[in-house]
Every structure is written in C-alpha cells, then in structure tokens.
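Report on the following structure.
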Amino acid sequence: MLVNSREAAFIYAVSAAGVAYSVTRACSRGELTDCSCDNRVRARRPNNWQWGGCSEDIHFGEKFSREWSESGEEPLKEGALHGPKGLAGQLMRKHDTEAGRRAIRSRMQRVCKCHGMSGSCSVRVCWRRLPSFRVAGVALAALHEGAALVRLAQRGGRRPARLRPARPDLKRPNKTDLVYLEDSPDYCERNLTLGIPGTRGRVCNRTSLGLDGCRLLCCGRGYQTRVRDVTEKCKCRFVWCCHVKCEMCRHTREEHVCN
C-alpha cells in the first residue's frame, strides 16, 4: 500500500480475517495435518448442556494469520518513522490485522443439538462454529466507515512509540476499531503514482443508486450516452450429446459512460 488510508486499513483487516477464517475452517474439515478441532472449550463445565462435536479452532487460525501478517514485514530502516514502510505504518498494520481477526473470533457461534428418547432434550450437546464470512465482512465494512485517524506518538525513554488520536477531539480507538494515518486520495481522478485509474470513461448504470450508479461513479462530472453495435451468442440450445449450439445475434446496446 502506498497510502495508509482507511481503505488500506480495511484491506489489512479483511485479509487477516480471511486467512484466519480459511485456516480455521480447513482445520475442522481435516484438510490440515497440524490442527483439528478445538478441545479447549471442553474444559468449561456448563450446567444445562455439555460440550461435544467439533468446535472450530479459531485460536489456531488466528495464530497462523498472525504469522502470515508478520512474515511480510520488512526490517525498519533507522529513523524510518512515517510512510508505508515506517514505524507508524507497521503499527497501523498490526492494529488493523488484529482487529480483523477479532471480528471473526467475537462472532463465533454456539450451536447445540438435543439428544434423548422420543424427541426429549435430556442431553444437549454444543460446539462452537464460525459465522458466515459475510457477517464478519459486513462488520468490518461498518468499522471502515468509522475508522479512527491516528498519528505516531513517540514517548521518552525506553517506552515504545504508539498510535494516538490525530486530534484532541477524537476518541481513543479500542482494539476492535480500524485506524488509519492519512486521508484517502481522490479516487475520482487518475493518479498513476498511486495506481488509481480514476473513473473517466467508466461505464455506469443510469438507474442505480448504488456505487455503480452514474451519480456516484462519475463524481458529479456527468455522463454521456452512446449506442453500440454488439454481436453475442443467442438462441442457445443443448444438442445430444453433449454440447451447446448457439447462433450469433447482432443488436444495439445503450451505454452510459462517465465524463
């Protein structure tokens, strides 16, 4: 990442969450040799139910994700404090990747099944299961909107530097919040240095109110409507056995393109 923006914070968090999620799920399915089910939960002894089944081992998934995140860190150059590869950037990445993993762990679900004669629930067996990744993704998207702007605060003596709110009126972020160091660049305009293609010339949806709609995607510059001749497959049918045969049809299509 060239800019430590709130978008970068989201990418760090969702990537770390994705690794933790995938490894945890693979463990419970027996696809990895170094892990299996989480037996630590069985040490707890609830009153009206008991642990059983295969609880998914989020702790192993988090450990793997943490090692994966830290393996990409380059050694700090002496005096390098700011910028994507400086100390501030490292602290931001560490905070946001941990927040991503916490988003998975905090949403682990307890699933139970009843056992007993004639449909009774004399024994209730429970285990812990991952939520759908969409649930964690929606939570991280909300955190992206409320991410906290921070700065590097160097403290005297041997005390390590840490991230603090960029302004006195901002609240101190907690461990589940996302943090960022720089304002987002203008994604509407092309910026080759930052790898931003801009939105000029992008095809937009005139009737949509979402991100693909001309109103948002064109950044207030308006759009042009053009008519194109399109040739594509049509009237497809299955031919026994076994292929699909199509005709080529030519028609006109209306497109809306950002100015």
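Chain labels run A, B, ... following the order of the structure tokens; each chain numbers its residues from 1, and ligands are numbered from 1 in the order shown.
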
At most 12 Å is the cut-off: for each residue in segment 69-163 of chain A with any atom that close to an atom of segment 183-193 of chain A, write down the nearest atom pair and the distance in Å rounded to one decimal, counting only C-alpha atoms, chain first then increasing number, as CSV.
residue,atom,partner,partner_atom,distance
A:His144,CA,A:Ser184,CA,12.0
A:Ala147,CA,A:Asp183,CA,11.1
A:Ala148,CA,A:Asp183,CA,10.7
A:Leu149,CA,A:Asp183,CA,8.2
A:Val150,CA,A:Asp183,CA,10.5
A:Arg151,CA,A:Asp183,CA,11.8

All residues 9 Å or closer to Arg107 of chain A, only C-alpha atoms, same chain fewer than 6 positions away omitted, as a PDB file with C-alpha atoms, in the first residue's frame:
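What follows is the written file around33.pdb:
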ATOM      1  CA  LEU A 130     -17.546 -19.958  12.590  1.00  0.00           C
ATOM      2  CA  PRO A 131     -20.126 -17.422  11.408  1.00  0.00           C
ATOM      3  CA  VAL A 135     -21.267 -11.494   8.748  1.00  0.00           C
ATOM      4  CA  ALA A 136     -17.674 -10.583   9.611  1.00  0.00           C
TER       5      ALA A 136
END

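From atom CA of Gly18 of chain A back to atom CA of Asp38 of chain A, the distance works out to 19.0 Å.
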
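Of the residues under consideration (A:Ala20, A:Cys218, A:Ile196, A:Val230), A:Cys218 shows the shortest atom-to-atom contact distance to Asn259 of chain A when counting only C-alpha atoms.
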
Using only C-alpha atoms, which protein or nucleic acid residues come within 7 Å of segment 199-215 of chain A? Drop anything in the same chain fewer than 4 positions from it, and give the result as an mmCIF file with N, CA and C atoms, in the first residue's frame.
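Done, and the output landed in part27.cif:
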data_model
loop_
_atom_site.group_PDB
_atom_site.id
_atom_site.type_symbol
_atom_site.label_atom_id
_atom_site.label_comp_id
_atom_site.auth_asym_id
_atom_site.auth_seq_id
_atom_site.Cartn_x
_atom_site.Cartn_y
_atom_site.Cartn_z
ATOM 1 N N CYS A 188 -11.522 9.618 -7.765
ATOM 2 C CA CYS A 188 -12.239 10.018 -8.981
ATOM 3 C C CYS A 188 -11.281 10.359 -10.119
ATOM 4 N N GLU A 189 -10.112 10.893 -9.767
ATOM 5 C CA GLU A 189 -9.158 11.339 -10.780
ATOM 6 C C GLU A 189 -7.995 10.358 -10.907
ATOM 7 N N CYS A 219 -18.671 10.983 -10.122
ATOM 8 C CA CYS A 219 -18.152 12.022 -9.216
ATOM 9 C C CYS A 219 -18.677 13.420 -9.550
ATOM 10 N N GLY A 220 -19.930 13.487 -10.013
ATOM 11 C CA GLY A 220 -20.528 14.783 -10.297
ATOM 12 C C GLY A 220 -20.150 15.385 -11.634
ATOM 13 N N TYR A 223 -22.331 12.280 -17.390
ATOM 14 C CA TYR A 223 -22.022 11.124 -18.232
ATOM 15 C C TYR A 223 -22.588 11.335 -19.628
ATOM 16 N N GLU A 255 -25.185 2.462 -23.751
ATOM 17 C CA GLU A 255 -24.219 2.510 -22.650
ATOM 18 C C GLU A 255 -24.081 3.935 -22.140
ATOM 19 N N HIS A 256 -23.809 4.046 -20.854
ATOM 20 C CA HIS A 256 -23.606 5.348 -20.225
ATOM 21 C C HIS A 256 -22.176 5.391 -19.695
ATOM 22 N N VAL A 257 -21.436 6.413 -20.102
ATOM 23 C CA VAL A 257 -20.003 6.493 -19.804
ATOM 24 C C VAL A 257 -19.706 7.797 -19.075
ATOM 25 N N CYS A 258 -18.930 7.697 -17.995
ATOM 26 C CA CYS A 258 -18.592 8.883 -17.198
ATOM 27 C C CYS A 258 -17.726 9.871 -17.978
ATOM 28 N N ASN A 259 -18.027 11.155 -17.837
ATOM 29 C CA ASN A 259 -17.187 12.201 -18.429
ATOM 30 C C ASN A 259 -15.856 12.290 -17.678
#

> Which one of A:Cys236, A:Cys126, A:Val23, A:Cys37 sits closest to Arg66 of chain A if you count only C-alpha atoms?
Replying inline: A:Val23

>> Please return, as a PyMOL selection string, all residues of segment 101-176 of chain A that DSSP assigns to helix (DSSP H, G or I) on the basis of the backbone.
In response: chain A and resi 101-105+117-119+133-145

Go ahead and dump the residues you just picked, N, CA and C atoms, as an mmCIF file, in the first residue's frame.
data_model
loop_
_atom_site.group_PDB
_atom_site.id
_atom_site.type_symbol
_atom_site.label_atom_id
_atom_site.label_comp_id
_atom_site.auth_asym_id
_atom_site.auth_seq_id
_atom_site.Cartn_x
_atom_site.Cartn_y
_atom_site.Cartn_z
ATOM 1 N N ARG A 101 -8.938 -10.089 12.816
ATOM 2 C CA ARG A 101 -9.049 -11.404 13.451
ATOM 3 C C ARG A 101 -10.080 -11.392 14.586
ATOM 4 N N ARG A 102 -10.112 -10.306 15.334
ATOM 5 C CA ARG A 102 -11.088 -10.198 16.424
ATOM 6 C C ARG A 102 -12.523 -10.191 15.889
ATOM 7 N N ALA A 103 -12.706 -9.651 14.692
ATOM 8 C CA ALA A 103 -14.050 -9.619 14.106
ATOM 9 C C ALA A 103 -14.579 -11.028 13.868
ATOM 10 N N ILE A 104 -13.682 -11.966 13.563
ATOM 11 C CA ILE A 104 -14.084 -13.363 13.404
ATOM 12 C C ILE A 104 -14.329 -13.998 14.769
ATOM 13 N N ARG A 105 -13.337 -13.860 15.671
ATOM 14 C CA ARG A 105 -13.421 -14.529 16.969
ATOM 15 C C ARG A 105 -14.657 -14.103 17.770
ATOM 16 N N MET A 117 -34.749 -39.636 24.358
ATOM 17 C CA MET A 117 -35.806 -40.532 23.898
ATOM 18 C C MET A 117 -37.039 -39.735 23.487
ATOM 19 N N SER A 118 -37.680 -40.153 22.422
ATOM 20 C CA SER A 118 -38.961 -39.590 21.962
ATOM 21 C C SER A 118 -38.914 -38.078 21.796
ATOM 22 N N GLY A 119 -37.800 -37.588 21.284
ATOM 23 C CA GLY A 119 -37.696 -36.162 20.998
ATOM 24 C C GLY A 119 -37.410 -35.294 22.195
ATOM 25 N N PHE A 133 -18.727 -15.801 6.555
ATOM 26 C CA PHE A 133 -17.728 -14.739 6.394
ATOM 27 C C PHE A 133 -18.400 -13.413 6.048
ATOM 28 N N ARG A 134 -19.567 -13.480 5.448
ATOM 29 C CA ARG A 134 -20.301 -12.248 5.126
ATOM 30 C C ARG A 134 -20.628 -11.469 6.400
ATOM 31 N N VAL A 135 -20.954 -12.168 7.482
ATOM 32 C CA VAL A 135 -21.267 -11.494 8.748
ATOM 33 C C VAL A 135 -20.068 -10.681 9.221
ATOM 34 N N ALA A 136 -18.884 -11.304 9.201
ATOM 35 C CA ALA A 136 -17.674 -10.583 9.611
ATOM 36 C C ALA A 136 -17.347 -9.469 8.623
ATOM 37 N N GLY A 137 -17.556 -9.722 7.334
ATOM 38 C CA GLY A 137 -17.270 -8.700 6.327
ATOM 39 C C GLY A 137 -18.140 -7.468 6.479
ATOM 40 N N VAL A 138 -19.418 -7.672 6.778
ATOM 41 C CA VAL A 138 -20.321 -6.537 6.998
ATOM 42 C C VAL A 138 -19.873 -5.738 8.214
ATOM 43 N N ALA A 139 -19.433 -6.443 9.267
ATOM 44 C CA ALA A 139 -18.955 -5.750 10.468
ATOM 45 C C ALA A 139 -17.703 -4.936 10.170
ATOM 46 N N LEU A 140 -16.794 -5.492 9.380
ATOM 47 C CA LEU A 140 -15.571 -4.769 9.031
ATOM 48 C C LEU A 140 -15.876 -3.581 8.120
ATOM 49 N N ALA A 141 -16.859 -3.732 7.241
ATOM 50 C CA ALA A 141 -17.243 -2.602 6.387
ATOM 51 C C ALA A 141 -17.766 -1.447 7.232
ATOM 52 N N ALA A 142 -18.515 -1.770 8.292
ATOM 53 C CA ALA A 142 -19.004 -0.725 9.193
ATOM 54 C C ALA A 142 -17.846 -0.076 9.942
ATOM 55 N N LEU A 143 -16.854 -0.881 10.326
ATOM 56 C CA LEU A 143 -15.677 -0.331 11.003
ATOM 57 C C LEU A 143 -14.883 0.574 10.063
ATOM 58 N N HIS A 144 -14.882 0.252 8.766
ATOM 59 C CA HIS A 144 -14.200 1.090 7.780
ATOM 60 C C HIS A 144 -14.797 2.486 7.773
ATOM 61 N N GLU A 145 -16.118 2.551 7.847
ATOM 62 C CA GLU A 145 -16.782 3.858 7.845
ATOM 63 C C GLU A 145 -16.442 4.660 9.096
#

> Can you list, as a VMD selection string, every residue of segment 55-255 of chain A that DSSP puts in strand (DSSP E or B)?
Replying inline: chain A and resid 56 109 to 115 123 to 129 148 to 153 162 to 165 179 to 180 191 196 203 to 205 213 223 to 239 243 to 255

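Computed from the coordinates, the atom CA of Val14 of chain A to atom CA of Thr97 of chain A distance equals 7.6 Å.
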
> Ala153 of chain A: which residues within 10 Å, counting only C-alpha atoms, same-chain residues fewer than 2 positions away excluded, as a ChimeraX atom specification?
Replying inline: /A:88,150-151,155-156,160-166

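Relative to atom CA of Ser15 of chain A, atom CA of Asn174 of chain A is found at 19.7 Å.
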
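Counting only C-alpha atoms, the residue from A:Arg253, A:Ser65, A:Tyr180, A:Pro168 that sits nearest to Arg228 of chain A is A:Arg253.
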
Set the distance at 12 Å and use only C-alpha atoms: which residues neighbour Ser28 of chain A once local chain neighbours fewer than 5 positions away are removed? I'd like the list as a PDB file with N, CA and C atoms, in the first residue's frame.
ATOM      1  N   TYR A  21     -10.029 -17.215   8.955  1.00  0.00           N
ATOM      2  CA  TYR A  21     -11.274 -17.940   8.677  1.00  0.00           C
ATOM      3  C   TYR A  21     -10.997 -19.203   7.854  1.00  0.00           C
ATOM      4  N   SER A  22     -10.224 -19.053   6.782  1.00  0.00           N
ATOM      5  CA  SER A  22      -9.968 -20.183   5.883  1.00  0.00           C
ATOM      6  C   SER A  22      -9.197 -21.297   6.578  1.00  0.00           C
ATOM      7  N   VAL A  23      -8.189 -20.926   7.374  1.00  0.00           N
ATOM      8  CA  VAL A  23      -7.387 -21.931   8.075  1.00  0.00           C
ATOM      9  C   VAL A  23      -8.228 -22.632   9.138  1.00  0.00           C
ATOM     10  N   THR A  33      -2.829 -31.052   8.539  1.00  0.00           N
ATOM     11  CA  THR A  33      -2.306 -32.068   9.456  1.00  0.00           C
ATOM     12  C   THR A  33      -1.915 -31.499  10.812  1.00  0.00           C
ATOM     13  N   ASP A  34      -1.709 -30.182  10.912  1.00  0.00           N
ATOM     14  CA  ASP A  34      -1.219 -29.585  12.159  1.00  0.00           C
ATOM     15  C   ASP A  34      -2.328 -29.169  13.117  1.00  0.00           C
ATOM     16  N   CYS A  35      -3.569 -29.393  12.773  1.00  0.00           N
ATOM     17  CA  CYS A  35      -4.664 -28.942  13.636  1.00  0.00           C
ATOM     18  C   CYS A  35      -5.891 -29.796  13.376  1.00  0.00           C
ATOM     19  N   SER A  36      -6.854 -29.669  14.270  1.00  0.00           N
ATOM     20  CA  SER A  36      -8.121 -30.389  14.085  1.00  0.00           C
ATOM     21  C   SER A  36      -9.232 -29.586  14.757  1.00  0.00           C
ATOM     22  N   CYS A  37      -9.928 -30.196  15.722  1.00  0.00           N
ATOM     23  CA  CYS A  37     -10.974 -29.489  16.459  1.00  0.00           C
ATOM     24  C   CYS A  37     -10.378 -28.816  17.694  1.00  0.00           C
ATOM     25  N   ASP A  38     -11.093 -27.867  18.236  1.00  0.00           N
ATOM     26  CA  ASP A  38     -10.642 -27.150  19.429  1.00  0.00           C
ATOM     27  C   ASP A  38     -11.174 -27.868  20.668  1.00  0.00           C
ATOM     28  N   ASN A  39     -10.269 -28.496  21.418  1.00  0.00           N
ATOM     29  CA  ASN A  39     -10.672 -29.227  22.618  1.00  0.00           C
ATOM     30  C   ASN A  39     -10.620 -28.369  23.873  1.00  0.00           C
ATOM     31  N   GLY A  53     -19.088 -32.657  19.876  1.00  0.00           N
ATOM     32  CA  GLY A  53     -18.904 -32.348  18.463  1.00  0.00           C
ATOM     33  C   GLY A  53     -17.520 -31.796  18.179  1.00  0.00           C
ATOM     34  N   CYS A  54     -17.405 -31.063  17.093  1.00  0.00           N
ATOM     35  CA  CYS A  54     -16.117 -30.486  16.671  1.00  0.00           C
ATOM     36  C   CYS A  54     -16.213 -28.968  16.701  1.00  0.00           C
ATOM     37  N   SER A  55     -15.678 -28.377  17.762  1.00  0.00           N
ATOM     38  CA  SER A  55     -15.608 -26.912  17.814  1.00  0.00           C
ATOM     39  C   SER A  55     -14.472 -26.440  16.920  1.00  0.00           C
ATOM     40  N   GLU A  56     -14.734 -25.452  16.092  1.00  0.00           N
ATOM     41  CA  GLU A  56     -13.718 -24.975  15.150  1.00  0.00           C
ATOM     42  C   GLU A  56     -12.657 -24.163  15.896  1.00  0.00           C
ATOM     43  N   ASP A  57     -11.399 -24.470  15.601  1.00  0.00           N
ATOM     44  CA  ASP A  57     -10.265 -23.935  16.368  1.00  0.00           C
ATOM     45  C   ASP A  57      -9.834 -22.572  15.838  1.00  0.00           C
ATOM     46  N   ILE A  58     -10.547 -21.521  16.264  1.00  0.00           N
ATOM     47  CA  ILE A  58     -10.219 -20.170  15.821  1.00  0.00           C
ATOM     48  C   ILE A  58      -8.858 -19.732  16.340  1.00  0.00           C
ATOM     49  N   PHE A  60      -6.059 -21.489  16.496  1.00  0.00           N
ATOM     50  CA  PHE A  60      -5.034 -21.894  15.530  1.00  0.00           C
ATOM     51  C   PHE A  60      -5.106 -21.014  14.286  1.00  0.00           C
ATOM     52  N   GLY A  61      -6.320 -20.728  13.821  1.00  0.00           N
ATOM     53  CA  GLY A  61      -6.473 -19.864  12.652  1.00  0.00           C
ATOM     54  C   GLY A  61      -5.905 -18.482  12.886  1.00  0.00           C
ATOM     55  N   TRP A 127     -21.314 -27.052  20.402  1.00  0.00           N
ATOM     56  CA  TRP A 127     -19.963 -26.810  19.892  1.00  0.00           C
ATOM     57  C   TRP A 127     -19.912 -25.406  19.301  1.00  0.00           C
ATOM     58  N   ARG A 128     -18.695 -24.933  19.053  1.00  0.00           N
ATOM     59  CA  ARG A 128     -18.512 -23.581  18.523  1.00  0.00           C
ATOM     60  C   ARG A 128     -18.237 -23.638  17.028  1.00  0.00           C
ATOM     61  N   ARG A 129     -18.883 -22.743  16.295  1.00  0.00           N
ATOM     62  CA  ARG A 129     -18.790 -22.746  14.839  1.00  0.00           C
ATOM     63  C   ARG A 129     -18.514 -21.334  14.332  1.00  0.00           C
ATOM     64  N   LEU A 130     -17.787 -21.249  13.229  1.00  0.00           N
ATOM     65  CA  LEU A 130     -17.546 -19.958  12.590  1.00  0.00           C
ATOM     66  C   LEU A 130     -18.853 -19.368  12.068  1.00  0.00           C
TER      67      LEU A 130
END
